[in-house]
Amino acid sequence: MSFQNPVFIPGPTNIPERLRKACDMPTIDHRSPLFGQILHPARDGVRRVLQSQTAEVYIFPGTGTAGWETALTNTLSPGDHVLAARNGMFSHRWIDMCQRHGLQVTVIETAWGDGLPADRYEEILTADKAHRIKAVLATHNETATGVKSDIAALRRALDTAGHPALLFVDGVSSIASMDFRFDDWGIDVAVTGSQKGFMLPPGLAITGFSQKAIEATRTAKLPRTYFDIHDMAKGYANNAYPYTPAVGLLNGLNDACQMLLSEGLENVFARHTRIAEGVRAAVRAWGLDLCATSPEVYSDTVSAIRTPEGFNATRIVEHAAQTYGVAFGTGLGEVAGKVFRIGHLGSLTDVMALSGIATAEMVMADLGLPIALGSGVAAAQEHYRATRAAPQRAAA
Ligand SMILES: *Cc1c(COP(=O)(O)O)cnc(C)c1O
């Protein structure tokens, strides 16, 4: 595997040189005002990236999965009912976590490739007159299938049903890459990790809580210690953690937020859309289909590409790694062997994306798929030439 090549997995993503340096720092006293100068701006930066005025941001050593657990254990009690749709591997794993914590999950089975069905959420919430459902779970961007869902529509479903359940959103592969509106969408807990849109190494679980979610902690009885947000808040008040924080990563997170906010979130989102559209143009030119079933649900951070019947898509990922030193994502769960994934989030330029598209073409041609070399590259080049904005700096 060449470390010169960018990765095209949908996380961990490519780390800009500037952020690698920001993570690499000498030891400081992690219970000191000096640490506070890293911690507080990082939390504030995350809040702004969430497009929120009010979210309380809690950051744990961990990953996105730890963020899921933070959401559940701080707000719910054993036996509580939650509502979730399953449309891919990540929504599936969050449901599995709920079940292992003794929650009663009503699962809306959804085709892998479709978005979350807001109408089904609304029906179930409307029928729940006793308000037994305490939380509604939604995976904003299902990374396994490359499907984005409409969180504003879920918010409307809750409101139309007049239902007080909390709204938890997994934004692990959307936050800091795709439009994500904590306040406008009335989100109660948002979850992400450091290694996707924030372009950092893995190691941080990043969460935002609404006041309503913080209120819910008062009656929530699920056991929690490491992920207790009140212990964390007490630590923050003293420029510290309840335990040892990942100082270098937090310094990186502070810098990542500065990068994103100085680029401007709208520009960050537009850049992801543009790059994604180039990848999708290539997929069309190859004559292949996306797993995502319609343009409204196309993800701007990852494309899951269906390969022809009878062909094992995992071979593409293996061959790319072995022969060209390039990493793509495999299919997971129900779509294992049926799709391969091109991750296109985080620190990525048109030129980097073209190298991934070109590699995928070589791999598919090597494996005997009927792909004309250059066809997808040309389609993406046309798109990038037609839509290019200001000259892009190399992954600075
Ligand atoms: C990557 C990912 C996760 C899991 O995050 P980890 O950081 O690997 O724990 C959860 N949800 C989605 C949508 C993801 O893309």
# chains A, B, ... in the order shown; residues from 1 in each chain; ligands from 1
call {"tool": "residues_near_ligand", "arguments": {"ligand": "ligand 1", "cutoff": "9 Å", "atoms": "only C-alpha atoms and all ligand atoms", "output": "number ranges by chain"}}
result
A: 10-12, 62-68, 89-91, 93-94, 139-144, 170-174, 191-196, 202-205
call {"tool": "residues_around", "arguments": {"residues": "stretch 348-363 of chain A", "least_positions_apart": "5", "cutoff": "8 Å", "atoms": "only C-alpha atoms", "output": "list in words"}}
result
Pro6, Phe8, Asn14, Ile275, Val279, Ala282, Ile316, His319, Ala320, Tyr324, Val326, Ile342, Ile371, Ala372, Leu373, Gly374, Gly376, Val377, Ala380, Gln381, Tyr384, Gln392, Ala394 and Ala395 of chain A
call {"tool": "select_by_dssp", "arguments": {"residues": "stretch 107-351 of chain A", "states": "strand (DSSP E or B)", "output": "short mmCIF file (atom, residue, chain, number, x, y, z; two decimals) with N, CA, C and O atoms, in the first residue's frame"}}
result
data_model
loop_
_atom_site.label_atom_id
_atom_site.label_comp_id
_atom_site.auth_asym_id
_atom_site.auth_seq_id
_atom_site.Cartn_x
_atom_site.Cartn_y
_atom_site.Cartn_z
N VAL A 107 -38.67 -1.04 14.58
CA VAL A 107 -37.79 -0.87 13.42
C VAL A 107 -38.64 -0.73 12.16
O VAL A 107 -39.50 -1.57 11.89
N ILE A 108 -38.40 0.32 11.41
CA ILE A 108 -39.04 0.47 10.10
C ILE A 108 -38.07 -0.10 9.08
O ILE A 108 -37.03 0.52 8.78
N GLU A 109 -38.38 -1.30 8.59
CA GLU A 109 -37.47 -1.91 7.60
C GLU A 109 -37.59 -1.14 6.28
O GLU A 109 -38.69 -0.94 5.77
N TRP A 112 -32.43 -1.09 1.29
CA TRP A 112 -31.07 -0.54 1.29
C TRP A 112 -30.88 0.17 -0.05
O TRP A 112 -30.88 -0.47 -1.10
N ASP A 114 -32.78 3.20 -0.27
CA ASP A 114 -33.80 4.24 -0.06
C ASP A 114 -33.42 5.10 1.13
O ASP A 114 -32.67 4.69 2.02
N ILE A 133 -42.98 6.26 22.87
CA ILE A 133 -41.70 6.39 22.17
C ILE A 133 -40.95 7.60 22.74
O ILE A 133 -41.48 8.71 22.76
N LYS A 134 -39.76 7.34 23.24
CA LYS A 134 -38.99 8.41 23.87
C LYS A 134 -37.99 9.06 22.91
O LYS A 134 -37.57 10.20 23.13
N ALA A 135 -37.57 8.30 21.91
CA ALA A 135 -36.57 8.86 21.00
C ALA A 135 -36.75 8.30 19.60
O ALA A 135 -37.15 7.14 19.43
N VAL A 136 -36.46 9.15 18.64
CA VAL A 136 -36.50 8.79 17.22
C VAL A 136 -35.06 8.85 16.71
O VAL A 136 -34.37 9.85 16.93
N LEU A 137 -34.62 7.76 16.09
CA LEU A 137 -33.23 7.70 15.61
C LEU A 137 -33.20 7.85 14.09
O LEU A 137 -34.04 7.25 13.40
N ALA A 138 -32.22 8.59 13.62
CA ALA A 138 -32.10 8.76 12.18
C ALA A 138 -30.63 8.82 11.78
O ALA A 138 -29.84 9.52 12.43
N THR A 139 -30.28 8.08 10.76
CA THR A 139 -28.94 8.16 10.20
C THR A 139 -29.00 9.10 9.00
O THR A 139 -29.63 8.77 8.00
N ASN A 141 -26.79 10.25 6.89
CA ASN A 141 -26.14 9.77 5.66
C ASN A 141 -25.72 8.33 5.91
O ASN A 141 -24.82 8.06 6.71
N GLU A 142 -26.40 7.40 5.24
CA GLU A 142 -26.11 5.97 5.43
C GLU A 142 -24.88 5.65 4.58
O GLU A 142 -24.95 5.57 3.35
N VAL A 147 -26.54 6.92 0.86
CA VAL A 147 -27.90 7.48 0.86
C VAL A 147 -28.03 8.56 1.93
O VAL A 147 -27.77 8.32 3.11
N LYS A 148 -28.49 9.71 1.46
CA LYS A 148 -28.75 10.84 2.37
C LYS A 148 -30.25 10.89 2.65
O LYS A 148 -31.05 10.63 1.75
N LEU A 166 -37.54 12.67 21.58
CA LEU A 166 -36.27 13.30 21.22
C LEU A 166 -35.86 12.84 19.82
O LEU A 166 -36.17 11.71 19.42
N LEU A 167 -35.15 13.69 19.11
CA LEU A 167 -34.65 13.34 17.76
C LEU A 167 -33.13 13.22 17.81
O LEU A 167 -32.42 14.21 18.05
N PHE A 168 -32.64 11.99 17.62
CA PHE A 168 -31.20 11.73 17.62
C PHE A 168 -30.75 11.52 16.18
O PHE A 168 -31.32 10.68 15.47
N VAL A 169 -29.71 12.21 15.77
CA VAL A 169 -29.26 12.08 14.39
C VAL A 169 -27.79 11.68 14.33
O VAL A 169 -26.92 12.35 14.90
N ASP A 170 -27.54 10.56 13.66
CA ASP A 170 -26.18 10.15 13.32
C ASP A 170 -25.74 10.98 12.13
O ASP A 170 -26.28 10.83 11.03
N VAL A 189 -29.97 15.26 19.80
CA VAL A 189 -28.58 14.84 19.94
C VAL A 189 -28.02 14.57 18.54
O VAL A 189 -28.64 13.84 17.75
N ALA A 190 -26.89 15.17 18.24
CA ALA A 190 -26.17 14.92 16.99
C ALA A 190 -24.87 14.20 17.33
O ALA A 190 -24.25 14.49 18.36
N VAL A 191 -24.49 13.27 16.48
CA VAL A 191 -23.31 12.43 16.75
C VAL A 191 -22.39 12.43 15.54
O VAL A 191 -22.83 12.26 14.40
N THR A 192 -21.09 12.60 15.81
CA THR A 192 -20.10 12.34 14.77
C THR A 192 -18.77 11.90 15.39
O THR A 192 -18.69 11.70 16.59
N GLY A 193 -17.79 11.71 14.53
CA GLY A 193 -16.45 11.34 14.99
C GLY A 193 -15.44 12.26 14.35
O GLY A 193 -15.77 13.08 13.49
N LEU A 204 -12.01 10.66 18.41
CA LEU A 204 -12.94 11.50 19.17
C LEU A 204 -14.37 11.16 18.80
O LEU A 204 -14.71 11.04 17.62
N ALA A 205 -15.21 11.02 19.82
CA ALA A 205 -16.67 10.97 19.63
C ALA A 205 -17.17 12.38 19.91
O ALA A 205 -16.92 12.93 20.99
N ILE A 206 -17.84 12.96 18.94
CA ILE A 206 -18.24 14.36 19.03
C ILE A 206 -19.77 14.41 19.06
O ILE A 206 -20.42 13.87 18.17
N THR A 207 -20.33 15.03 20.11
CA THR A 207 -21.79 15.07 20.22
C THR A 207 -22.26 16.49 20.52
O THR A 207 -21.55 17.28 21.14
N GLY A 208 -23.48 16.77 20.08
CA GLY A 208 -24.14 18.02 20.45
C GLY A 208 -25.48 17.68 21.08
O GLY A 208 -26.21 16.82 20.56
N PHE A 209 -25.78 18.30 22.22
CA PHE A 209 -27.04 18.05 22.95
C PHE A 209 -27.88 19.33 22.98
O PHE A 209 -27.37 20.41 23.25
N ASP A 289 -24.82 1.56 -12.01
CA ASP A 289 -25.84 2.24 -11.19
C ASP A 289 -25.33 2.44 -9.78
O ASP A 289 -24.55 1.64 -9.27
N LEU A 290 -25.86 3.48 -9.16
CA LEU A 290 -25.61 3.67 -7.74
C LEU A 290 -26.58 2.79 -6.95
O LEU A 290 -27.68 2.47 -7.42
N TYR A 298 -29.03 10.91 -3.22
CA TYR A 298 -27.60 10.74 -3.50
C TYR A 298 -26.77 11.44 -2.43
O TYR A 298 -26.98 12.61 -2.12
N VAL A 302 -20.23 9.89 -0.13
CA VAL A 302 -19.83 8.53 -0.50
C VAL A 302 -20.78 8.02 -1.58
O VAL A 302 -21.98 8.27 -1.53
N SER A 303 -20.21 7.33 -2.57
CA SER A 303 -21.03 6.70 -3.60
C SER A 303 -20.84 5.19 -3.50
O SER A 303 -19.70 4.71 -3.53
N ALA A 304 -21.95 4.46 -3.36
CA ALA A 304 -21.91 2.99 -3.40
C ALA A 304 -22.35 2.60 -4.82
O ALA A 304 -23.44 2.98 -5.25
N ILE A 305 -21.48 1.86 -5.50
CA ILE A 305 -21.67 1.59 -6.93
C ILE A 305 -21.96 0.12 -7.12
O ILE A 305 -21.17 -0.74 -6.69
N ARG A 306 -23.08 -0.18 -7.75
CA ARG A 306 -23.45 -1.58 -7.99
C ARG A 306 -22.63 -2.13 -9.15
O ARG A 306 -22.47 -1.47 -10.18
N PHE A 328 -10.46 1.64 -1.64
CA PHE A 328 -11.89 1.93 -1.79
C PHE A 328 -12.61 1.20 -0.68
O PHE A 328 -12.03 0.38 0.04
N GLY A 329 -13.93 1.47 -0.53
CA GLY A 329 -14.71 0.80 0.51
C GLY A 329 -15.41 -0.42 -0.05
O GLY A 329 -15.88 -0.43 -1.20
N THR A 330 -15.52 -1.47 0.78
CA THR A 330 -16.27 -2.65 0.36
C THR A 330 -17.75 -2.45 0.64
O THR A 330 -18.14 -1.53 1.35
N VAL A 339 -21.72 -4.09 -4.09
CA VAL A 339 -21.29 -2.72 -4.36
C VAL A 339 -19.84 -2.54 -3.92
O VAL A 339 -19.34 -3.28 -3.08
N PHE A 340 -19.20 -1.56 -4.53
CA PHE A 340 -17.98 -1.02 -3.92
C PHE A 340 -18.22 0.46 -3.72
O PHE A 340 -19.11 1.05 -4.34
N ARG A 341 -17.47 1.05 -2.80
CA ARG A 341 -17.77 2.43 -2.44
C ARG A 341 -16.57 3.34 -2.69
O ARG A 341 -15.43 2.97 -2.39
N ILE A 342 -16.87 4.50 -3.25
CA ILE A 342 -15.86 5.55 -3.37
C ILE A 342 -16.22 6.62 -2.35
O ILE A 342 -17.30 7.23 -2.43
N GLY A 343 -15.35 6.79 -1.38
CA GLY A 343 -15.56 7.87 -0.41
C GLY A 343 -15.03 9.16 -1.02
O GLY A 343 -13.95 9.19 -1.60
#
call {"tool": "residues_around", "arguments": {"residues": "A:Ala22", "least_positions_apart": "3", "cutoff": "10 Å", "atoms": "only C-alpha atoms", "output": "tab-separated table (two decimals) with C-alpha atoms, in the first residue's frame"}}
result
chain	number	residue	atom	x	y	z
A	16	PRO	CA	-4.35	17.64	5.55
A	17	GLU	CA	-0.73	18.33	6.46
A	18	ARG	CA	-1.85	21.27	8.59
A	19	LEU	CA	-4.03	19.04	10.74
A	25	MET	CA	2.16	18.55	20.00
A	200	LEU	CA	-8.58	14.07	11.58
A	248	GLY	CA	-3.51	16.47	20.38
A	249	LEU	CA	-6.73	15.46	18.66
A	250	LEU	CA	-8.62	18.28	20.33
A	251	ASN	CA	-5.98	20.70	19.12
A	252	GLY	CA	-6.48	19.25	15.65
A	253	LEU	CA	-10.25	19.60	16.01
A	254	ASN	CA	-9.92	23.25	16.92
A	255	ASP	CA	-7.82	23.79	13.80
A	256	ALA	CA	-10.15	21.71	11.61
call {"tool": "closest_residue", "arguments": {"among": "A:Glu69, A:Glu123, A:Asp179, A:Glu382", "to": "A:Cys98", "atoms": "only C-alpha atoms"}}
result
A:Glu69
call {"tool": "atom_distance", "arguments": {"atom1": "atom CA of A:Ala281", "atom2": "atom CA of A:Ala379"}}
result
5.6 Å
call {"tool": "select_by_dssp", "arguments": {"residues": "stretch 58-248 of chain A", "states": "helix (DSSP H, G or I)", "output": "ChimeraX atom specification"}}
result
/A:64-75,89-100,118-127,151-160,211-216,229-237,247-248
call {"tool": "residues_around", "arguments": {"residues": "A:Leu125", "least_positions_apart": "2", "cutoff": "7 Å", "atoms": "only C-alpha atoms", "output": "list in words"}}
result
Tyr121, Glu122, Glu123, Ala127, Asp128, Leu158, Ala161 and His163 of chain A
call {"tool": "atom_distance", "arguments": {"atom1": "atom CA of A:Ala152", "atom2": "atom CA of A:Thr73"}}
result
24.8 Å
call {"tool": "atom_distance", "arguments": {"atom1": "atom CA of A:His40", "atom2": "atom CA of A:Leu345"}}
result
26.0 Å
call {"tool": "decode", "arguments": {"residues": "stretch 268-282 of chain A", "atoms": "all heavy atoms", "output": "short mmCIF file (atom, residue, chain, number, x, y, z; two decimals), in the first residue's frame"}}
result
data_model
loop_
_atom_site.label_atom_id
_atom_site.label_comp_id
_atom_site.auth_asym_id
_atom_site.auth_seq_id
_atom_site.Cartn_x
_atom_site.Cartn_y
_atom_site.Cartn_z
N VAL A 268 -17.88 24.68 1.73
CA VAL A 268 -17.50 23.29 2.03
C VAL A 268 -18.55 22.34 1.45
O VAL A 268 -18.22 21.35 0.78
CB VAL A 268 -17.37 23.08 3.57
CG1 VAL A 268 -17.21 21.59 3.90
CG2 VAL A 268 -16.20 23.89 4.13
N PHE A 269 -19.82 22.66 1.69
CA PHE A 269 -20.89 21.79 1.18
C PHE A 269 -20.88 21.78 -0.35
O PHE A 269 -21.03 20.72 -0.97
CB PHE A 269 -22.26 22.24 1.69
CG PHE A 269 -22.36 22.37 3.19
CD1 PHE A 269 -23.20 23.33 3.78
CD2 PHE A 269 -21.63 21.53 4.03
CE1 PHE A 269 -23.29 23.44 5.16
CE2 PHE A 269 -21.72 21.64 5.42
CZ PHE A 269 -22.56 22.61 5.98
N ALA A 270 -20.71 22.97 -0.94
CA ALA A 270 -20.73 23.05 -2.41
C ALA A 270 -19.56 22.27 -3.01
O ALA A 270 -19.70 21.62 -4.05
CB ALA A 270 -20.68 24.51 -2.85
N ARG A 271 -18.42 22.32 -2.34
CA ARG A 271 -17.25 21.57 -2.82
C ARG A 271 -17.56 20.06 -2.80
O ARG A 271 -17.25 19.34 -3.76
CB ARG A 271 -16.04 21.90 -1.94
CG ARG A 271 -14.82 21.05 -2.19
CD ARG A 271 -13.56 21.66 -1.55
NE ARG A 271 -13.66 21.89 -0.11
CZ ARG A 271 -13.48 20.93 0.81
NH1 ARG A 271 -13.22 19.69 0.45
NH2 ARG A 271 -13.58 21.22 2.11
N HIS A 272 -18.17 19.61 -1.74
CA HIS A 272 -18.51 18.19 -1.68
C HIS A 272 -19.52 17.81 -2.76
O HIS A 272 -19.41 16.76 -3.38
CB HIS A 272 -19.04 17.82 -0.29
CG HIS A 272 -17.96 17.63 0.72
ND1 HIS A 272 -17.36 18.68 1.38
CD2 HIS A 272 -17.32 16.51 1.16
CE1 HIS A 272 -16.41 18.21 2.20
NE2 HIS A 272 -16.37 16.90 2.07
N THR A 273 -20.48 18.69 -3.00
CA THR A 273 -21.49 18.39 -4.03
C THR A 273 -20.82 18.31 -5.40
O THR A 273 -21.07 17.39 -6.17
CB THR A 273 -22.58 19.48 -4.04
OG1 THR A 273 -23.18 19.50 -2.75
CG2 THR A 273 -23.65 19.19 -5.09
N ARG A 274 -19.96 19.27 -5.68
CA ARG A 274 -19.29 19.30 -6.98
C ARG A 274 -18.45 18.05 -7.20
O ARG A 274 -18.49 17.43 -8.26
CB ARG A 274 -18.37 20.52 -7.08
CG ARG A 274 -18.89 21.61 -7.97
CD ARG A 274 -17.88 22.74 -8.13
NE ARG A 274 -16.68 22.30 -8.84
CZ ARG A 274 -15.53 22.01 -8.25
NH1 ARG A 274 -15.37 22.09 -6.94
NH2 ARG A 274 -14.51 21.62 -8.97
N ILE A 275 -17.67 17.71 -6.21
CA ILE A 275 -16.80 16.53 -6.36
C ILE A 275 -17.66 15.28 -6.52
O ILE A 275 -17.40 14.43 -7.37
CB ILE A 275 -15.81 16.46 -5.19
CG1 ILE A 275 -14.78 17.58 -5.37
CG2 ILE A 275 -15.13 15.08 -5.12
CD1 ILE A 275 -13.64 17.61 -4.39
N ALA A 276 -18.72 15.19 -5.72
CA ALA A 276 -19.61 14.02 -5.80
C ALA A 276 -20.25 13.93 -7.18
O ALA A 276 -20.38 12.84 -7.74
CB ALA A 276 -20.69 14.12 -4.72
N GLU A 277 -20.64 15.07 -7.73
CA GLU A 277 -21.29 15.03 -9.05
C GLU A 277 -20.32 14.54 -10.12
O GLU A 277 -20.72 13.86 -11.06
CB GLU A 277 -21.88 16.40 -9.40
CG GLU A 277 -23.23 16.57 -8.70
CD GLU A 277 -23.83 17.97 -8.84
OE1 GLU A 277 -23.13 18.87 -9.38
OE2 GLU A 277 -24.97 18.15 -8.39
N GLY A 278 -19.05 14.87 -9.96
CA GLY A 278 -18.04 14.35 -10.89
C GLY A 278 -17.95 12.83 -10.80
O GLY A 278 -17.88 12.13 -11.81
N VAL A 279 -17.97 12.33 -9.57
CA VAL A 279 -17.91 10.87 -9.38
C VAL A 279 -19.16 10.24 -9.99
O VAL A 279 -19.08 9.21 -10.68
CB VAL A 279 -17.78 10.53 -7.87
CG1 VAL A 279 -17.91 9.02 -7.65
CG2 VAL A 279 -16.45 11.04 -7.32
N ARG A 280 -20.31 10.87 -9.77
CA ARG A 280 -21.55 10.29 -10.31
C ARG A 280 -21.55 10.33 -11.84
O ARG A 280 -22.06 9.41 -12.50
CB ARG A 280 -22.76 11.02 -9.72
CG ARG A 280 -22.92 10.74 -8.22
CD ARG A 280 -24.26 11.19 -7.68
NE ARG A 280 -24.38 12.62 -7.47
CZ ARG A 280 -24.20 13.24 -6.30
NH1 ARG A 280 -23.88 12.54 -5.22
NH2 ARG A 280 -24.35 14.55 -6.19
N ALA A 281 -20.96 11.39 -12.41
CA ALA A 281 -20.87 11.45 -13.88
C ALA A 281 -20.02 10.28 -14.38
O ALA A 281 -20.33 9.65 -15.40
CB ALA A 281 -20.26 12.79 -14.32
N ALA A 282 -18.97 9.96 -13.65
CA ALA A 282 -18.11 8.83 -14.04
C ALA A 282 -18.90 7.53 -13.97
O ALA A 282 -18.82 6.69 -14.88
CB ALA A 282 -16.88 8.77 -13.14
#
